[in-house]
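Participant: Please find one structure pasted underneath; my questions will follow.
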Amino acid sequence: MIKTIIFHHLLDMNDLPAAERWFYRYHIPEVLRNRPLSYLSYRAAPAPPGAEAFGCFNYKIHENLQRATAKPGWGSSP
């Protein structure tokens, strides 16, 4: 099994409406086209004050589970 976890981050929260449209219109159908065994998507919890200096992600996290025989996707090493 191959488990992929992807963290999405917005540099400007004013881009949130456009990011939501992109995520549901293009990203999810593209991921589901590869027929994962499982697909989870959830919003990141707001970081506590001062946590930004340590690195945090503010938008969505998604994880999918595929069979080991699946072809690697974009951005993954062979």
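Each chain in the structure tokens gets a letter, A, B, ..., in the order shown, and its residues are numbered from 1; ligands are numbered from 1 in order too.
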Identify all residues of chain A in helix (DSSP H, G or I) (DSSP on the backbone) and supply them as a list in words.

Facilitator: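 Matching residues for helix (DSSP H, G or I) in chain A are Met13, Asn14, Asp15, Leu16, Pro17, Ala18, Ala19, Glu20, Arg21, Trp22, Phe23, Tyr24, Arg25, Tyr26, His27, Ile28, Pro29, Glu30, Val31, Leu32, Arg33, Ala51, Glu52, Ala53 and Phe54 of chain A.
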
Participant: Mind checking DSSP for chain A and telling me the strand (DSSP E) residues as number ranges by chain?

Facilitator: A: 2-7, 38-43, 60-66

Participant: Pull N, CA and C atoms from the residues just selected and write them as a short mmCIF file (atom, residue, chain, number, x, y, z; two decimals), in the first residue's frame.

Facilitator:
data_model
loop_
_atom_site.label_atom_id
_atom_site.label_comp_id
_atom_site.auth_asym_id
_atom_site.auth_seq_id
_atom_site.Cartn_x
_atom_site.Cartn_y
_atom_site.Cartn_z
N ILE A 2 0.41 2.26 -0.66
CA ILE A 2 1.09 3.54 -0.71
C ILE A 2 0.17 4.57 -0.09
N LYS A 3 0.64 5.25 0.95
CA LYS A 3 -0.14 6.30 1.58
C LYS A 3 0.49 7.64 1.24
N THR A 4 -0.28 8.54 0.71
CA THR A 4 0.19 9.86 0.33
C THR A 4 -0.51 10.90 1.19
N ILE A 5 0.27 11.80 1.79
CA ILE A 5 -0.30 12.89 2.57
C ILE A 5 0.20 14.19 1.96
N ILE A 6 -0.74 15.07 1.64
CA ILE A 6 -0.39 16.34 1.01
C ILE A 6 -0.93 17.48 1.86
N PHE A 7 -0.07 18.44 2.16
CA PHE A 7 -0.44 19.63 2.93
C PHE A 7 -0.55 20.80 1.97
N SER A 38 -8.79 4.80 -0.58
CA SER A 38 -9.41 5.70 0.38
C SER A 38 -8.91 7.11 0.13
N TYR A 39 -9.75 8.09 0.39
CA TYR A 39 -9.41 9.50 0.20
C TYR A 39 -10.02 10.30 1.35
N LEU A 40 -9.17 11.00 2.09
CA LEU A 40 -9.63 11.84 3.19
C LEU A 40 -9.17 13.27 2.93
N SER A 41 -10.02 14.22 3.24
CA SER A 41 -9.67 15.63 3.08
C SER A 41 -10.25 16.39 4.26
N TYR A 42 -9.44 17.21 4.89
CA TYR A 42 -9.94 17.99 6.02
C TYR A 42 -9.15 19.29 6.13
N ARG A 43 -9.76 20.27 6.78
CA ARG A 43 -9.12 21.56 6.99
C ARG A 43 -8.12 21.45 8.14
N LYS A 60 -5.69 22.97 3.70
CA LYS A 60 -6.24 21.61 3.71
C LYS A 60 -5.14 20.57 3.79
N ILE A 61 -5.51 19.44 4.30
CA ILE A 61 -4.65 18.27 4.32
C ILE A 61 -5.47 17.17 3.66
N HIS A 62 -4.85 16.47 2.74
CA HIS A 62 -5.58 15.32 2.20
C HIS A 62 -4.63 14.13 2.13
N GLU A 63 -5.21 13.00 2.36
CA GLU A 63 -4.43 11.75 2.30
C GLU A 63 -5.21 10.73 1.51
N ASN A 64 -4.48 9.96 0.72
CA ASN A 64 -5.12 8.88 -0.01
C ASN A 64 -4.27 7.63 0.09
N LEU A 65 -4.93 6.52 -0.06
CA LEU A 65 -4.32 5.21 0.07
C LEU A 65 -4.52 4.49 -1.25
N GLN A 66 -3.41 3.98 -1.82
CA GLN A 66 -3.48 3.26 -3.09
C GLN A 66 -2.76 1.92 -2.98
#

Participant: If we count only C-alpha atoms and set the cut-off at 12 Å, which residues sit around A:Asp15, ignoring sequence neighbours fewer than 6 positions away in its own chain? Please answer as a PyMOL selection string.

Facilitator: chain A and resi 9+21-22+58-59

Participant: Can you tell me, as an mmCIF file with C-alpha atoms, in the first residue's frame, what residues are no more than 10 Å from A:Cys56 when counting only C-alpha atoms, ignoring any on the same chain fewer than 5 positions away?

Facilitator:
data_model
loop_
_atom_site.group_PDB
_atom_site.id
_atom_site.type_symbol
_atom_site.label_atom_id
_atom_site.label_comp_id
_atom_site.auth_asym_id
_atom_site.auth_seq_id
_atom_site.Cartn_x
_atom_site.Cartn_y
_atom_site.Cartn_z
ATOM 1 C CA PHE A 7 -0.437 19.625 2.926
ATOM 2 C CA HIS A 9 -0.931 26.121 2.366
ATOM 3 C CA ALA A 44 -6.028 22.219 9.069
ATOM 4 C CA ALA A 45 -6.695 23.372 12.628
ATOM 5 C CA PRO A 46 -5.846 27.017 13.276
ATOM 6 C CA ALA A 47 -2.323 27.380 14.655
ATOM 7 C CA PRO A 48 -1.902 28.922 18.101
ATOM 8 C CA ALA A 51 3.335 28.987 15.864
#
